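Have a look at final.txt; it's compact mmCIF, N, CA and C atoms:
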# COMPACT_ATOMS: atom_id res chain seq x y z
N MET A 72 18.09 -16.10 -3.62
CA MET A 72 17.53 -16.14 -2.28
C MET A 72 16.33 -15.23 -2.21
N GLN A 73 15.30 -15.70 -1.56
CA GLN A 73 14.07 -14.93 -1.48
C GLN A 73 13.96 -14.27 -0.11
N HIS A 74 13.75 -12.97 -0.09
CA HIS A 74 13.64 -12.22 1.15
C HIS A 74 12.21 -11.70 1.26
N GLN A 75 11.51 -12.09 2.34
CA GLN A 75 10.12 -11.68 2.52
C GLN A 75 9.93 -11.07 3.90
N LYS A 76 9.01 -10.13 3.96
CA LYS A 76 8.59 -9.54 5.21
C LYS A 76 7.07 -9.52 5.18
N LEU A 77 6.42 -9.85 6.28
CA LEU A 77 4.97 -9.91 6.33
C LEU A 77 4.47 -8.95 7.40
N GLN A 78 3.41 -8.22 7.08
CA GLN A 78 2.83 -7.26 8.02
C GLN A 78 1.32 -7.42 7.99
N LEU A 79 0.70 -7.60 9.17
CA LEU A 79 -0.75 -7.69 9.26
C LEU A 79 -1.31 -6.32 9.61
N GLU A 80 -2.36 -5.91 8.90
CA GLU A 80 -2.96 -4.60 9.13
C GLU A 80 -4.46 -4.77 9.34
N ASN A 81 -5.02 -3.91 10.15
CA ASN A 81 -6.47 -3.84 10.38
C ASN A 81 -7.06 -5.19 10.81
N ILE A 82 -6.48 -5.79 11.84
CA ILE A 82 -7.04 -7.04 12.36
C ILE A 82 -8.35 -6.71 13.07
N ARG A 83 -9.40 -7.41 12.68
CA ARG A 83 -10.73 -7.15 13.27
C ARG A 83 -11.47 -8.47 13.40
N TYR A 84 -12.48 -8.47 14.27
CA TYR A 84 -13.30 -9.67 14.47
C TYR A 84 -14.63 -9.48 13.76
N ASN A 85 -15.04 -10.48 12.99
CA ASN A 85 -16.32 -10.46 12.29
C ASN A 85 -17.25 -11.42 13.02
N PRO A 86 -18.19 -10.90 13.82
CA PRO A 86 -19.06 -11.78 14.59
C PRO A 86 -20.02 -12.59 13.72
N GLU A 87 -20.36 -12.09 12.56
CA GLU A 87 -21.25 -12.83 11.67
C GLU A 87 -20.61 -14.11 11.17
N GLN A 88 -19.31 -14.07 10.90
CA GLN A 88 -18.57 -15.23 10.41
C GLN A 88 -17.84 -15.97 11.54
N SER A 89 -17.83 -15.40 12.73
CA SER A 89 -17.04 -15.93 13.86
C SER A 89 -15.59 -16.12 13.43
N ALA A 90 -15.03 -15.06 12.86
CA ALA A 90 -13.68 -15.15 12.33
C ALA A 90 -12.97 -13.82 12.49
N TYR A 91 -11.65 -13.92 12.57
CA TYR A 91 -10.80 -12.74 12.55
C TYR A 91 -10.39 -12.49 11.10
N GLU A 92 -10.35 -11.22 10.71
CA GLU A 92 -10.00 -10.84 9.34
C GLU A 92 -8.88 -9.80 9.39
N ALA A 93 -8.09 -9.78 8.36
CA ALA A 93 -7.00 -8.80 8.29
C ALA A 93 -6.56 -8.65 6.84
N ARG A 94 -5.81 -7.59 6.62
CA ARG A 94 -5.12 -7.42 5.35
C ARG A 94 -3.65 -7.73 5.63
N ALA A 95 -3.12 -8.67 4.88
CA ALA A 95 -1.72 -9.05 5.05
C ALA A 95 -0.92 -8.44 3.91
N ARG A 96 0.13 -7.75 4.27
CA ARG A 96 1.01 -7.13 3.27
C ARG A 96 2.33 -7.89 3.28
N VAL A 97 2.70 -8.41 2.11
CA VAL A 97 3.93 -9.18 1.97
C VAL A 97 4.89 -8.38 1.11
N TYR A 98 6.08 -8.12 1.65
CA TYR A 98 7.15 -7.45 0.92
C TYR A 98 8.08 -8.53 0.41
N ASP A 99 8.20 -8.65 -0.91
CA ASP A 99 8.97 -9.73 -1.51
C ASP A 99 9.90 -9.19 -2.58
N ASN A 100 11.18 -9.08 -2.25
CA ASN A 100 12.21 -8.61 -3.20
C ASN A 100 11.83 -7.30 -3.88
N GLY A 101 11.40 -6.33 -3.12
CA GLY A 101 11.07 -5.02 -3.67
C GLY A 101 9.64 -4.87 -4.14
N ASP A 102 8.89 -5.97 -4.25
CA ASP A 102 7.48 -5.89 -4.63
C ASP A 102 6.62 -5.98 -3.38
N VAL A 103 5.43 -5.38 -3.45
CA VAL A 103 4.51 -5.40 -2.32
C VAL A 103 3.21 -6.04 -2.77
N PHE A 104 2.75 -7.03 -2.01
CA PHE A 104 1.50 -7.73 -2.30
C PHE A 104 0.58 -7.63 -1.09
N ASP A 105 -0.71 -7.39 -1.33
CA ASP A 105 -1.71 -7.38 -0.27
C ASP A 105 -2.65 -8.55 -0.46
N TYR A 106 -2.99 -9.22 0.65
CA TYR A 106 -3.89 -10.36 0.62
C TYR A 106 -4.96 -10.19 1.70
N PRO A 107 -6.23 -10.45 1.38
CA PRO A 107 -7.24 -10.52 2.43
C PRO A 107 -7.18 -11.91 3.06
N VAL A 108 -7.03 -11.99 4.37
CA VAL A 108 -6.95 -13.27 5.06
C VAL A 108 -7.95 -13.30 6.21
N HIS A 109 -8.40 -14.51 6.55
CA HIS A 109 -9.29 -14.69 7.70
C HIS A 109 -9.01 -16.04 8.33
N VAL A 110 -9.34 -16.13 9.60
CA VAL A 110 -9.21 -17.39 10.33
C VAL A 110 -10.40 -17.50 11.28
N CYS A 111 -11.06 -18.65 11.24
CA CYS A 111 -12.20 -18.89 12.12
C CYS A 111 -11.68 -19.16 13.53
N ALA A 112 -12.15 -18.37 14.46
CA ALA A 112 -11.75 -18.51 15.86
C ALA A 112 -12.76 -17.78 16.73
N PRO A 113 -12.95 -18.21 17.97
CA PRO A 113 -13.89 -17.50 18.84
C PRO A 113 -13.34 -16.14 19.25
N LEU A 114 -14.21 -15.31 19.74
CA LEU A 114 -13.83 -13.96 20.14
C LEU A 114 -12.76 -13.96 21.22
N ASN A 115 -12.78 -14.96 22.11
CA ASN A 115 -11.82 -15.00 23.22
C ASN A 115 -10.57 -15.84 22.89
N ALA A 116 -10.26 -16.01 21.61
CA ALA A 116 -9.07 -16.77 21.21
C ALA A 116 -7.81 -15.99 21.57
N GLU A 117 -6.74 -16.73 21.79
CA GLU A 117 -5.45 -16.10 22.09
C GLU A 117 -5.00 -15.28 20.88
N PHE A 118 -4.59 -14.04 21.13
CA PHE A 118 -4.20 -13.16 20.04
C PHE A 118 -2.98 -13.70 19.30
N SER A 119 -2.05 -14.33 20.02
CA SER A 119 -0.86 -14.87 19.36
C SER A 119 -1.25 -16.00 18.41
N HIS A 120 -2.23 -16.81 18.79
CA HIS A 120 -2.70 -17.88 17.90
C HIS A 120 -3.35 -17.29 16.65
N VAL A 121 -4.15 -16.24 16.83
CA VAL A 121 -4.83 -15.59 15.71
C VAL A 121 -3.81 -15.00 14.75
N THR A 122 -2.83 -14.28 15.26
CA THR A 122 -1.84 -13.65 14.37
C THR A 122 -0.97 -14.69 13.66
N ARG A 123 -0.61 -15.78 14.35
CA ARG A 123 0.15 -16.85 13.68
C ARG A 123 -0.66 -17.47 12.56
N SER A 124 -1.95 -17.72 12.82
CA SER A 124 -2.80 -18.33 11.80
C SER A 124 -3.01 -17.40 10.61
N LEU A 125 -3.23 -16.11 10.87
CA LEU A 125 -3.39 -15.15 9.79
C LEU A 125 -2.10 -15.04 8.97
N SER A 126 -0.96 -15.03 9.64
CA SER A 126 0.33 -14.95 8.94
C SER A 126 0.55 -16.18 8.07
N GLN A 127 0.21 -17.36 8.59
CA GLN A 127 0.39 -18.58 7.82
C GLN A 127 -0.51 -18.58 6.58
N LYS A 128 -1.75 -18.11 6.75
CA LYS A 128 -2.65 -18.03 5.58
C LYS A 128 -2.10 -17.07 4.54
N ALA A 129 -1.50 -15.97 4.97
CA ALA A 129 -0.92 -15.01 4.03
C ALA A 129 0.27 -15.63 3.30
N ARG A 130 1.12 -16.35 4.03
CA ARG A 130 2.26 -17.01 3.38
C ARG A 130 1.78 -18.05 2.37
N ASP A 131 0.75 -18.81 2.75
CA ASP A 131 0.19 -19.81 1.83
C ASP A 131 -0.38 -19.15 0.58
N ALA A 132 -1.10 -18.04 0.76
CA ALA A 132 -1.67 -17.33 -0.39
C ALA A 132 -0.57 -16.77 -1.29
N HIS A 133 0.52 -16.31 -0.68
CA HIS A 133 1.61 -15.73 -1.47
C HIS A 133 2.35 -16.79 -2.28
N SER A 134 2.48 -17.98 -1.72
CA SER A 134 3.22 -19.04 -2.42
C SER A 134 2.31 -19.87 -3.32
N ALA A 135 1.00 -19.63 -3.28
CA ALA A 135 0.05 -20.37 -4.12
C ALA A 135 0.16 -19.91 -5.57
N PRO A 136 -0.36 -20.72 -6.51
CA PRO A 136 -0.38 -20.28 -7.91
C PRO A 136 -1.21 -19.01 -8.08
N GLN A 137 -1.20 -18.47 -9.27
CA GLN A 137 -1.82 -17.16 -9.54
C GLN A 137 -3.32 -17.11 -9.31
N GLY A 138 -3.99 -18.20 -8.95
CA GLY A 138 -5.43 -18.19 -8.81
C GLY A 138 -5.96 -17.46 -7.59
N THR A 139 -5.10 -17.09 -6.66
CA THR A 139 -5.57 -16.45 -5.43
C THR A 139 -5.76 -14.95 -5.63
N LEU A 140 -6.59 -14.38 -4.77
CA LEU A 140 -6.86 -12.94 -4.83
C LEU A 140 -5.68 -12.19 -4.22
N ARG A 141 -5.06 -11.31 -4.98
CA ARG A 141 -3.94 -10.53 -4.47
C ARG A 141 -3.93 -9.16 -5.13
N LEU A 142 -3.33 -8.22 -4.45
CA LEU A 142 -3.15 -6.88 -4.98
C LEU A 142 -1.65 -6.63 -5.04
N ARG A 143 -1.15 -6.41 -6.23
CA ARG A 143 0.28 -6.10 -6.39
C ARG A 143 0.41 -4.61 -6.55
N ARG A 144 1.14 -4.01 -5.65
CA ARG A 144 1.31 -2.56 -5.68
C ARG A 144 2.42 -2.18 -6.64
N ALA A 145 2.19 -1.10 -7.37
CA ALA A 145 3.19 -0.62 -8.32
C ALA A 145 4.37 -0.03 -7.56
N ARG A 146 5.54 -0.20 -8.13
CA ARG A 146 6.72 0.39 -7.52
C ARG A 146 6.67 1.90 -7.72
N THR A 147 7.10 2.62 -6.72
CA THR A 147 7.13 4.07 -6.82
C THR A 147 8.41 4.51 -7.47
N ILE A 148 8.30 5.46 -8.35
CA ILE A 148 9.46 6.01 -9.05
C ILE A 148 9.72 7.39 -8.49
N ARG A 149 10.90 7.58 -8.01
CA ARG A 149 11.26 8.88 -7.45
C ARG A 149 11.74 9.80 -8.56
N VAL A 150 11.09 10.92 -8.69
CA VAL A 150 11.43 11.90 -9.72
C VAL A 150 11.89 13.16 -9.01
N LYS A 151 12.97 13.74 -9.51
CA LYS A 151 13.45 14.99 -8.93
C LYS A 151 12.42 16.08 -9.21
N PRO A 152 12.02 16.80 -8.19
CA PRO A 152 11.07 17.89 -8.42
C PRO A 152 11.71 19.01 -9.22
N ARG A 153 10.92 19.58 -10.10
CA ARG A 153 11.42 20.73 -10.87
C ARG A 153 11.47 21.95 -9.97
N PRO A 154 12.44 22.81 -10.21
CA PRO A 154 12.49 24.03 -9.40
C PRO A 154 11.24 24.87 -9.64
N ALA A 155 10.76 25.43 -8.59
CA ALA A 155 9.54 26.22 -8.67
C ALA A 155 9.80 27.51 -9.43
N THR A 156 9.07 27.71 -10.51
CA THR A 156 9.15 28.96 -11.28
C THR A 156 7.76 29.56 -11.25
N ARG A 157 7.49 30.26 -10.21
CA ARG A 157 6.18 30.84 -10.03
C ARG A 157 6.17 32.25 -10.61
N THR A 158 5.24 32.48 -11.52
CA THR A 158 5.10 33.80 -12.12
C THR A 158 3.83 34.43 -11.55
N THR A 159 4.00 35.55 -10.94
CA THR A 159 2.84 36.24 -10.37
C THR A 159 2.18 37.11 -11.44
N VAL A 160 1.01 37.58 -11.12
CA VAL A 160 0.28 38.46 -12.04
C VAL A 160 1.08 39.74 -12.29
N ALA A 161 1.72 40.23 -11.25
CA ALA A 161 2.52 41.46 -11.40
C ALA A 161 3.70 41.22 -12.34
N ASP A 162 4.34 40.05 -12.23
CA ASP A 162 5.46 39.72 -13.12
C ASP A 162 5.01 39.68 -14.57
N ARG A 163 3.86 39.04 -14.81
CA ARG A 163 3.35 38.96 -16.20
C ARG A 163 2.98 40.35 -16.73
N PHE A 164 2.44 41.18 -15.87
CA PHE A 164 2.06 42.54 -16.27
C PHE A 164 3.30 43.33 -16.66
N ILE A 165 4.35 43.20 -15.87
CA ILE A 165 5.59 43.91 -16.17
C ILE A 165 6.20 43.39 -17.48
N GLN A 166 6.12 42.08 -17.72
CA GLN A 166 6.63 41.52 -18.97
C GLN A 166 5.86 42.06 -20.17
N GLN A 167 4.54 42.21 -20.03
CA GLN A 167 3.73 42.76 -21.12
C GLN A 167 4.10 44.22 -21.39
N ILE A 168 4.32 44.98 -20.34
CA ILE A 168 4.69 46.40 -20.51
C ILE A 168 6.06 46.49 -21.19
N ARG A 169 7.01 45.68 -20.78
CA ARG A 169 8.33 45.69 -21.40
C ARG A 169 8.23 45.30 -22.88
N ALA A 170 7.42 44.30 -23.18
CA ALA A 170 7.26 43.87 -24.56
C ALA A 170 6.62 44.97 -25.39
N ALA A 171 5.65 45.68 -24.82
CA ALA A 171 4.99 46.76 -25.55
C ALA A 171 5.94 47.94 -25.76
N LEU A 172 6.77 48.25 -24.78
CA LEU A 172 7.73 49.35 -24.93
C LEU A 172 8.83 49.00 -25.92
N ALA A 173 9.20 47.73 -25.96
CA ALA A 173 10.26 47.30 -26.88
C ALA A 173 9.76 47.30 -28.33
N ALA A 174 8.46 47.18 -28.54
CA ALA A 174 7.93 47.11 -29.91
C ALA A 174 7.81 48.45 -30.56
So, in terms of structure tokens, how does the structure I just supplied come out?
Amino acid sequence: MQHQKLQLENIRYNPEQSAYEARARVYDNGDVFDYPVHVCAPLNAEFSHVTRSLSQKARDAHSAPQGTLRLRRARTIRVKPRPATRTTVADRFIQQIRAALAA
């Protein structure tokens, strides 16, 4: 079973192209894909129509063969942070003195 979530980001109007543009992010089974999408519509178009059209273009791009432009984000690997072992200048100086006295 395929589980997908779609999120539109940075929806903006391009007056030169008379189109709305956005970055569509598709979450698909733990992978994240970004697609540039646009839809030609006038400036006074219904926002719900614009978002539906942009979402449909993103779904079409995601299900299309590999020829489409997409960005696949790398999965993040969670690593346990190492405990902080901060050595100050004074600590190093004391270690040098102890080493010199022991010699």
Residue neighbourhood stretch 118-123 of chain A, 10 Å, only C-alpha atoms, exclusion window fewer than 5 positions, as a ChimeraX atom specification: /A:79,82,90-93,109-113,128-129
Generate the output file for the selected residues, N, CA and C atoms, as a PDB file, keeping the file's coordinate frame.
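Writing done, so here's out.pdb:
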ATOM      1  N   LEU A  79       0.700  -7.600   9.170  1.00  0.00           N
ATOM      2  CA  LEU A  79      -0.750  -7.690   9.260  1.00  0.00           C
ATOM      3  C   LEU A  79      -1.310  -6.320   9.610  1.00  0.00           C
ATOM      4  N   ILE A  82      -6.480  -5.790  11.840  1.00  0.00           N
ATOM      5  CA  ILE A  82      -7.040  -7.040  12.360  1.00  0.00           C
ATOM      6  C   ILE A  82      -8.350  -6.710  13.070  1.00  0.00           C
ATOM      7  N   ALA A  90     -15.030 -15.060  12.860  1.00  0.00           N
ATOM      8  CA  ALA A  90     -13.680 -15.150  12.330  1.00  0.00           C
ATOM      9  C   ALA A  90     -12.970 -13.820  12.490  1.00  0.00           C
ATOM     10  N   TYR A  91     -11.650 -13.920  12.570  1.00  0.00           N
ATOM     11  CA  TYR A  91     -10.800 -12.740  12.550  1.00  0.00           C
ATOM     12  C   TYR A  91     -10.390 -12.490  11.100  1.00  0.00           C
ATOM     13  N   GLU A  92     -10.350 -11.220  10.710  1.00  0.00           N
ATOM     14  CA  GLU A  92     -10.000 -10.840   9.340  1.00  0.00           C
ATOM     15  C   GLU A  92      -8.880  -9.800   9.390  1.00  0.00           C
ATOM     16  N   ALA A  93      -8.090  -9.780   8.360  1.00  0.00           N
ATOM     17  CA  ALA A  93      -7.000  -8.800   8.290  1.00  0.00           C
ATOM     18  C   ALA A  93      -6.560  -8.650   6.840  1.00  0.00           C
ATOM     19  N   HIS A 109      -8.400 -14.510   6.550  1.00  0.00           N
ATOM     20  CA  HIS A 109      -9.290 -14.690   7.700  1.00  0.00           C
ATOM     21  C   HIS A 109      -9.010 -16.040   8.330  1.00  0.00           C
ATOM     22  N   VAL A 110      -9.340 -16.130   9.600  1.00  0.00           N
ATOM     23  CA  VAL A 110      -9.210 -17.390  10.330  1.00  0.00           C
ATOM     24  C   VAL A 110     -10.400 -17.500  11.280  1.00  0.00           C
ATOM     25  N   CYS A 111     -11.060 -18.650  11.240  1.00  0.00           N
ATOM     26  CA  CYS A 111     -12.200 -18.890  12.120  1.00  0.00           C
ATOM     27  C   CYS A 111     -11.680 -19.160  13.530  1.00  0.00           C
ATOM     28  N   ALA A 112     -12.150 -18.370  14.460  1.00  0.00           N
ATOM     29  CA  ALA A 112     -11.750 -18.510  15.860  1.00  0.00           C
ATOM     30  C   ALA A 112     -12.760 -17.780  16.730  1.00  0.00           C
ATOM     31  N   PRO A 113     -12.950 -18.210  17.970  1.00  0.00           N
ATOM     32  CA  PRO A 113     -13.890 -17.500  18.840  1.00  0.00           C
ATOM     33  C   PRO A 113     -13.340 -16.140  19.250  1.00  0.00           C
ATOM     34  N   LYS A 128      -1.750 -18.110   6.750  1.00  0.00           N
ATOM     35  CA  LYS A 128      -2.650 -18.030   5.580  1.00  0.00           C
ATOM     36  C   LYS A 128      -2.100 -17.070   4.540  1.00  0.00           C
ATOM     37  N   ALA A 129      -1.500 -15.970   4.970  1.00  0.00           N
ATOM     38  CA  ALA A 129      -0.920 -15.010   4.030  1.00  0.00           C
ATOM     39  C   ALA A 129       0.270 -15.630   3.300  1.00  0.00           C
TER      40      ALA A 129
END
Tell me, in Å to one decimal, how far atom CA of A:Asn100 is from atom CA of A:Lys76.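 Computing the Euclidean distance for atom CA of A:Asn100 and atom CA of A:Lys76 yields 9.2 Å.
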Expressed in Å to a single decimal, how great is the separation between atom N of A:Tyr106 and atom CA of A:Gln88? 19.3 Å
Test item: residues at most 8 Å from A:Arg130, all atoms listed in the file, excluding those fewer than 4 positions along its chain, as a PyMOL selection string: chain A and resi 77+95+97+124-126+134-135
Restricting it to N, CA and C atoms, dump the selection as a PDB file, keeping the file's coordinate frame.
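Just written: again_14.pdb:
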ATOM      1  N   LEU A  77       6.420  -9.850   6.280  1.00  0.00           N
ATOM      2  CA  LEU A  77       4.970  -9.910   6.330  1.00  0.00           C
ATOM      3  C   LEU A  77       4.470  -8.950   7.400  1.00  0.00           C
ATOM      4  N   ALA A  95      -3.120  -8.670   4.880  1.00  0.00           N
ATOM      5  CA  ALA A  95      -1.720  -9.050   5.050  1.00  0.00           C
ATOM      6  C   ALA A  95      -0.920  -8.440   3.910  1.00  0.00           C
ATOM      7  N   VAL A  97       2.700  -8.410   2.110  1.00  0.00           N
ATOM      8  CA  VAL A  97       3.930  -9.180   1.970  1.00  0.00           C
ATOM      9  C   VAL A  97       4.890  -8.380   1.110  1.00  0.00           C
ATOM     10  N   SER A 124      -1.950 -17.720  12.820  1.00  0.00           N
ATOM     11  CA  SER A 124      -2.800 -18.330  11.800  1.00  0.00           C
ATOM     12  C   SER A 124      -3.010 -17.400  10.610  1.00  0.00           C
ATOM     13  N   LEU A 125      -3.230 -16.110  10.870  1.00  0.00           N
ATOM     14  CA  LEU A 125      -3.390 -15.150   9.790  1.00  0.00           C
ATOM     15  C   LEU A 125      -2.100 -15.040   8.970  1.00  0.00           C
ATOM     16  N   SER A 126      -0.960 -15.030   9.640  1.00  0.00           N
ATOM     17  CA  SER A 126       0.330 -14.950   8.940  1.00  0.00           C
ATOM     18  C   SER A 126       0.550 -16.180   8.070  1.00  0.00           C
ATOM     19  N   SER A 134       2.480 -17.980  -1.720  1.00  0.00           N
ATOM     20  CA  SER A 134       3.220 -19.040  -2.420  1.00  0.00           C
ATOM     21  C   SER A 134       2.310 -19.870  -3.320  1.00  0.00           C
ATOM     22  N   ALA A 135       1.000 -19.630  -3.280  1.00  0.00           N
ATOM     23  CA  ALA A 135       0.050 -20.370  -4.120  1.00  0.00           C
ATOM     24  C   ALA A 135       0.160 -19.910  -5.570  1.00  0.00           C
TER      25      ALA A 135
END
Quick one: pull the distance between atom CA of A:Val103 and atom CA of A:Asn85, Å, one decimal.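 It comes out at 25.9 Å.
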Let me make sure I understand: among A:Ala174, A:Ile168, A:Val108, A:Ala116, which one has the smallest atom-to-atom distance to A:Glu80 if we use only C-alpha atoms?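 Distance minimum relative to A:Glu80 lands on A:Val108.
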